[in-house]
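**Student:** Pasting in a structure now, in structure tokens, and then I'll have a few things to ask.
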Amino acid sequence: MTDVIGELVSADADAVSVRGRDGALVQVAAERVVALKPLGPKPIRTSEIRSLEAAAADGWPGVERQWLDGWQLRFGHGFTGRANSAIPLEPGASMTAETLTQIIDRYAARGLPPTLSLPDRLGSAPAGWRTYNETAVMAADISNLVLREGESAINVTAQPTEEWLTSLRYQGREAPEGAAEVASAIRGGTLGFGMIGARSSSAAAVGRAAVTTAPDGRCWVGLTSLWVSPEHRRNGLGTLMCGELVRWGRGHGATHAYLQVAVDNTEAVALYRDLGFVDHHHYRYARPENAIGPNPVGGIR
């Protein structure tokens with residue numbers, strides 16, 4: 001006898017089907033099954049967190065990037081925390097007083113507050129810095145998702161249209177100057193801008209998808225800038241947009257999908273869980289105590 005470990009796909013009177021860790025589907029005749037035992041989710045390795053964060057950084061890189069002692073510094077006109085923070089992407093990234101001083105100086109030179117992005121296990125806040133805006137990174141193996149077939153139900157363009165940009169929101173308001181340049185940036189990947197039902201100068205729903213390849217070779221599609229107009233909410237447009245952007249990403253080579261959502265946004269977290277996304281890891285931002293405002297980042301993460 002032997003074990004088959006993986007995701008239970010189906011079980012009936014004839015056979016049990018399990019998708020193994022290598023992605024292969026294994027079928028075992030029902031009469032040969034001795035026991036079925038549920039296992040906990042596969043632990044996420046630190047290297048997998050670093051790899052996904054690297055793919056996400058390429059998918060939303062800001063407009064300028066620098067490396068400093070293992071930290072990637074992103075600058076993006078102050079639009080979103082991800083495009084305006086330093087993240088420790090290289091193993092052994094330095095956290096010396098000299099490194100922090102240089103980070104502070106480089107952001108100050110651009111009129112930006114010094115901000116660290118600290119994913120689980122990759123970094124912690126230094127003394128005198130406070131964390132805020134904890135964010136969940138949720139991920140999915142696209143082969144495990146149930147996606148629509150046939151023609152796409154949304155319009156996806158390679159560049160954001162005027163209606164798409166008009167619908168982009170930040171902290172509940174229209175996006176600030178410079179947002180279009182940030183939203184249009186990617187490193188070594190492919191962008192798609194999804195829109196549903198353009199009317200007058202705005203849309204019923206928008207979303208952005210970025211296909212990038214992680215250092216471990218896994219190809220990801222990241223969903224960002226998801227927004228549904230208030231009058232069209234709770235009609236399934238958010239679910240439709242997410243599913244269609246994942247399907248678009250699959251068509252461009254992605255095998256896995258991710259998104260970022262505030263941990264306290266319970267409604268959005270529930271929607272993404274219903275789609276099949278699961279927790280991968282969390283990250284939070286950090287700033288010096290004297291640089292913390294009432295809502296330092298907010299809005300699009």
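Following the order of the structure tokens, chains are lettered A, B, ..., residues in each are numbered from 1, and ligands are numbered from 1.
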Give me the residues near Ala11 (chain A) as a ChimeraX atom specification, where near means some atom within 12 Å (using only C-alpha atoms) and where sequence neighbours in that chain fewer than 3 positions away do not count.

**Tutor:** /A:7-8,14-18,26-31,33,36

**Student:** Using DSSP on the backbone coordinates, identify the residues of region 135-238 of chain A assigned to helix (DSSP H, G or I); present them as an NGL selection string.

**Tutor:** :A and (142-144 or 162-167 or 179-183 or 230-232 or 237-238)

**Student:** Residues near Gly251 (chain A), anyone? I mean within 12 Å using only C-alpha atoms, not counting same-chain ones fewer than 3 positions away, as a count of residues only.

**Tutor:** 17

**Student:** What's the 10 Å shell around Ala136 (chain A), counting only C-alpha atoms, without same-chain residues fewer than 5 positions away, as JSON, numbers by chain?

**Tutor:** {"A": [119, 259, 260, 261, 262, 263, 264, 265, 269, 278, 279, 280, 281, 282, 283, 284]}

**Student:** Quick check for you: according to DSSP on this backbone, which residues of region 100-211 of chain A are classed as strand (DSSP E or B)? Reply as number ranges by chain.

**Tutor:** A: 116-119, 129-141, 155-157, 169-170, 173-174, 190-196, 199, 202, 205-211

**Student:** Might you pull out every residue within 10 Å of Gly188 (chain A), with only C-alpha atoms counted and same-chain residues fewer than 4 positions away left off, and present them as a PyMOL selection string?

**Tutor:** chain A and resi 55+58-59+211-213

**Student:** What separation in Å, quoted to one decimal, exists between CA of Ala83 (chain A) and CA of Gly194 (chain A)?

**Tutor:**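 Distance between the two atoms: 20.7 Å.
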
**Student:** Counting only C-alpha atoms, which residue out of A:Ala140, A:Thr101, A:Arg250, A:Gln159 sits closest to Asp274 (chain A)?

**Tutor:**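 The closest residue to Asp274 (chain A) is A:Ala140.
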
**Student:** To one decimal place in Å, what is the distance between CA of Ile186 (chain A) and CA of Pro114 (chain A)?

**Tutor:**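 Result for CA of Ile186 (chain A) versus CA of Pro114 (chain A): 22.6 Å, one decimal.
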
**Student:** Quick one: everything within 7 Å of region 76-79 of chain A, counting only C-alpha atoms, minus sequence neighbours fewer than 4 positions away in the same chain. Send it as a PDB file with all heavy atoms, in the first residue's frame.

**Tutor:**
```pdb
ATOM      1  N   GLY A  62       6.209  50.977  -9.704  1.00  0.00           N
ATOM      2  CA  GLY A  62       6.419  52.410  -9.622  1.00  0.00           C
ATOM      3  C   GLY A  62       7.064  52.892 -10.913  1.00  0.00           C
ATOM      4  O   GLY A  62       7.066  52.194 -11.938  1.00  0.00           O
ATOM      5  N   VAL A  63       7.644  54.080 -10.881  1.00  0.00           N
ATOM      6  CA  VAL A  63       8.257  54.634 -12.093  1.00  0.00           C
ATOM      7  C   VAL A  63       9.773  54.691 -11.992  1.00  0.00           C
ATOM      8  O   VAL A  63      10.453  54.984 -12.972  1.00  0.00           O
ATOM      9  CB  VAL A  63       7.700  56.045 -12.386  1.00  0.00           C
ATOM     10  CG1 VAL A  63       6.200  55.971 -12.644  1.00  0.00           C
ATOM     11  CG2 VAL A  63       7.989  57.008 -11.247  1.00  0.00           C
ATOM     12  N   GLU A  64      10.310  54.396 -10.813  1.00  0.00           N
ATOM     13  CA  GLU A  64      11.762  54.374 -10.623  1.00  0.00           C
ATOM     14  C   GLU A  64      12.092  53.308  -9.590  1.00  0.00           C
ATOM     15  O   GLU A  64      11.349  53.112  -8.623  1.00  0.00           O
ATOM     16  CB  GLU A  64      12.262  55.744 -10.124  1.00  0.00           C
ATOM     17  CG  GLU A  64      13.757  55.811  -9.915  1.00  0.00           C
ATOM     18  CD  GLU A  64      14.206  57.118  -9.267  1.00  0.00           C
ATOM     19  OE1 GLU A  64      13.345  57.990  -9.012  1.00  0.00           O
ATOM     20  OE2 GLU A  64      15.413  57.237  -8.994  1.00  0.00           O
ATOM     21  N   ALA A  83       4.128  51.196  -4.587  1.00  0.00           N
ATOM     22  CA  ALA A  83       5.004  51.883  -5.536  1.00  0.00           C
ATOM     23  C   ALA A  83       5.891  52.916  -4.862  1.00  0.00           C
ATOM     24  O   ALA A  83       6.679  53.590  -5.542  1.00  0.00           O
ATOM     25  CB  ALA A  83       4.161  52.558  -6.619  1.00  0.00           C
ATOM     26  N   ASN A  84       5.800  53.044  -3.553  1.00  0.00           N
ATOM     27  CA  ASN A  84       6.556  54.079  -2.844  1.00  0.00           C
ATOM     28  C   ASN A  84       7.092  53.559  -1.521  1.00  0.00           C
ATOM     29  O   ASN A  84       6.983  54.219  -0.482  1.00  0.00           O
ATOM     30  CB  ASN A  84       5.669  55.306  -2.612  1.00  0.00           C
ATOM     31  CG  ASN A  84       5.259  55.967  -3.906  1.00  0.00           C
ATOM     32  OD1 ASN A  84       5.977  56.791  -4.457  1.00  0.00           O
ATOM     33  ND2 ASN A  84       4.086  55.594  -4.420  1.00  0.00           N
ATOM     34  N   LEU A 112       9.108  62.262  -0.471  1.00  0.00           N
ATOM     35  CA  LEU A 112       8.273  61.165  -0.002  1.00  0.00           C
ATOM     36  C   LEU A 112       8.682  60.736   1.399  1.00  0.00           C
ATOM     37  O   LEU A 112       9.871  60.778   1.744  1.00  0.00           O
ATOM     38  CB  LEU A 112       8.412  59.959  -0.940  1.00  0.00           C
ATOM     39  CG  LEU A 112       7.949  60.159  -2.384  1.00  0.00           C
ATOM     40  CD1 LEU A 112       8.383  58.982  -3.242  1.00  0.00           C
ATOM     41  CD2 LEU A 112       6.437  60.347  -2.438  1.00  0.00           C
ATOM     42  N   GLY A 178      -0.125  61.615 -11.797  1.00  0.00           N
ATOM     43  CA  GLY A 178       0.956  60.633 -11.779  1.00  0.00           C
ATOM     44  C   GLY A 178       0.466  59.207 -11.668  1.00  0.00           C
ATOM     45  O   GLY A 178       1.228  58.265 -11.893  1.00  0.00           O
ATOM     46  N   ALA A 179      -0.819  59.009 -11.337  1.00  0.00           N
ATOM     47  CA  ALA A 179      -1.347  57.658 -11.163  1.00  0.00           C
ATOM     48  C   ALA A 179      -1.324  56.876 -12.470  1.00  0.00           C
ATOM     49  O   ALA A 179      -1.054  55.669 -12.480  1.00  0.00           O
ATOM     50  CB  ALA A 179      -2.769  57.715 -10.611  1.00  0.00           C
ATOM     51  N   VAL A 182       2.044  55.327 -13.050  1.00  0.00           N
ATOM     52  CA  VAL A 182       2.284  54.206 -12.139  1.00  0.00           C
ATOM     53  C   VAL A 182       1.493  52.980 -12.583  1.00  0.00           C
ATOM     54  O   VAL A 182       2.015  51.862 -12.647  1.00  0.00           O
ATOM     55  CB  VAL A 182       1.921  54.589 -10.689  1.00  0.00           C
ATOM     56  CG1 VAL A 182       2.037  53.381  -9.768  1.00  0.00           C
ATOM     57  CG2 VAL A 182       2.821  55.711 -10.195  1.00  0.00           C
TER      58      VAL A 182
END
```

**Student:** Please provide the set of residues having any atom within 10 Å of Thr115 (chain A), restricted to only C-alpha atoms, with same-chain residues fewer than 3 positions apart removed, written as a PDB file with N, CA and C atoms, in the first residue's frame.

**Tutor:**
```pdb
ATOM      1  N   LEU A  73      14.054  49.717  -3.622  1.00  0.00           N
ATOM      2  CA  LEU A  73      13.381  50.974  -3.327  1.00  0.00           C
ATOM      3  C   LEU A  73      12.552  51.358  -4.541  1.00  0.00           C
ATOM      4  N   ARG A  74      11.228  51.548  -4.322  1.00  0.00           N
ATOM      5  CA  ARG A  74      10.321  51.918  -5.414  1.00  0.00           C
ATOM      6  C   ARG A  74       9.825  53.340  -5.193  1.00  0.00           C
ATOM      7  N   GLY A  81       1.131  52.599  -1.617  1.00  0.00           N
ATOM      8  CA  GLY A  81       2.253  52.202  -0.784  1.00  0.00           C
ATOM      9  C   GLY A  81       3.212  51.287  -1.514  1.00  0.00           C
ATOM     10  N   ARG A  82       2.680  50.373  -2.350  1.00  0.00           N
ATOM     11  CA  ARG A  82       3.552  49.414  -3.025  1.00  0.00           C
ATOM     12  C   ARG A  82       4.535  50.089  -3.964  1.00  0.00           C
ATOM     13  N   ASN A  84       5.800  53.044  -3.553  1.00  0.00           N
ATOM     14  CA  ASN A  84       6.556  54.079  -2.844  1.00  0.00           C
ATOM     15  C   ASN A  84       7.092  53.559  -1.521  1.00  0.00           C
ATOM     16  N   SER A  85       7.676  52.372  -1.558  1.00  0.00           N
ATOM     17  CA  SER A  85       8.217  51.775  -0.340  1.00  0.00           C
ATOM     18  C   SER A  85       9.418  50.907  -0.682  1.00  0.00           C
ATOM     19  N   ALA A  86      10.219  50.626   0.324  1.00  0.00           N
ATOM     20  CA  ALA A  86      11.401  49.774   0.179  1.00  0.00           C
ATOM     21  C   ALA A  86      11.077  48.391   0.728  1.00  0.00           C
ATOM     22  N   ILE A  87      11.443  47.354  -0.023  1.00  0.00           N
ATOM     23  CA  ILE A  87      11.119  45.988   0.370  1.00  0.00           C
ATOM     24  C   ILE A  87      12.386  45.132   0.351  1.00  0.00           C
ATOM     25  N   ILE A 103      17.958  54.982   3.136  1.00  0.00           N
ATOM     26  CA  ILE A 103      16.569  54.860   2.694  1.00  0.00           C
ATOM     27  C   ILE A 103      15.810  56.150   2.985  1.00  0.00           C
ATOM     28  N   ILE A 104      15.949  56.656   4.193  1.00  0.00           N
ATOM     29  CA  ILE A 104      15.273  57.896   4.571  1.00  0.00           C
ATOM     30  C   ILE A 104      15.678  59.033   3.640  1.00  0.00           C
ATOM     31  N   TYR A 107      14.219  58.732  -0.064  1.00  0.00           N
ATOM     32  CA  TYR A 107      12.804  59.087  -0.182  1.00  0.00           C
ATOM     33  C   TYR A 107      12.589  60.585   0.063  1.00  0.00           C
ATOM     34  N   LEU A 112       9.108  62.262  -0.471  1.00  0.00           N
ATOM     35  CA  LEU A 112       8.273  61.165  -0.002  1.00  0.00           C
ATOM     36  C   LEU A 112       8.682  60.736   1.399  1.00  0.00           C
ATOM     37  N   LEU A 118       7.069  45.247   4.598  1.00  0.00           N
ATOM     38  CA  LEU A 118       7.657  44.147   5.354  1.00  0.00           C
ATOM     39  C   LEU A 118       6.790  42.890   5.261  1.00  0.00           C
ATOM     40  N   TRP A 129      10.280  52.549  14.554  1.00  0.00           N
ATOM     41  CA  TRP A 129       9.373  52.526  13.402  1.00  0.00           C
ATOM     42  C   TRP A 129       8.108  51.774  13.809  1.00  0.00           C
ATOM     43  N   THR A 131       4.422  49.841  12.527  1.00  0.00           N
ATOM     44  CA  THR A 131       3.776  49.202  11.388  1.00  0.00           C
ATOM     45  C   THR A 131       2.305  49.612  11.299  1.00  0.00           C
ATOM     46  N   TYR A 285       3.213  47.849   6.293  1.00  0.00           N
ATOM     47  CA  TYR A 285       4.124  48.961   6.072  1.00  0.00           C
ATOM     48  C   TYR A 285       4.679  49.440   7.409  1.00  0.00           C
ATOM     49  N   ALA A 286       5.817  50.143   7.339  1.00  0.00           N
ATOM     50  CA  ALA A 286       6.405  50.723   8.541  1.00  0.00           C
ATOM     51  C   ALA A 286       6.985  52.090   8.200  1.00  0.00           C
ATOM     52  N   ARG A 287       6.814  53.005   9.119  1.00  0.00           N
ATOM     53  CA  ARG A 287       7.410  54.333   9.025  1.00  0.00           C
ATOM     54  C   ARG A 287       7.923  54.746  10.392  1.00  0.00           C
ATOM     55  N   PRO A 288       8.863  55.676  10.431  1.00  0.00           N
ATOM     56  CA  PRO A 288       9.282  56.205  11.735  1.00  0.00           C
ATOM     57  C   PRO A 288       8.086  56.776  12.481  1.00  0.00           C
ATOM     58  N   ALA A 291       6.672  60.031  11.493  1.00  0.00           N
ATOM     59  CA  ALA A 291       6.205  60.194  10.111  1.00  0.00           C
ATOM     60  C   ALA A 291       4.835  59.564   9.888  1.00  0.00           C
ATOM     61  N   ILE A 292       4.233  59.011  10.940  1.00  0.00           N
ATOM     62  CA  ILE A 292       2.938  58.353  10.811  1.00  0.00           C
ATOM     63  C   ILE A 292       1.831  59.381  10.846  1.00  0.00           C
ATOM     64  N   PRO A 296      -1.685  56.758   6.514  1.00  0.00           N
ATOM     65  CA  PRO A 296      -0.523  57.007   5.681  1.00  0.00           C
ATOM     66  C   PRO A 296      -0.629  56.492   4.255  1.00  0.00           C
ATOM     67  N   VAL A 297      -1.290  55.341   4.048  1.00  0.00           N
ATOM     68  CA  VAL A 297      -1.348  54.793   2.695  1.00  0.00           C
ATOM     69  C   VAL A 297      -2.803  54.695   2.261  1.00  0.00           C
TER      70      VAL A 297
END
```
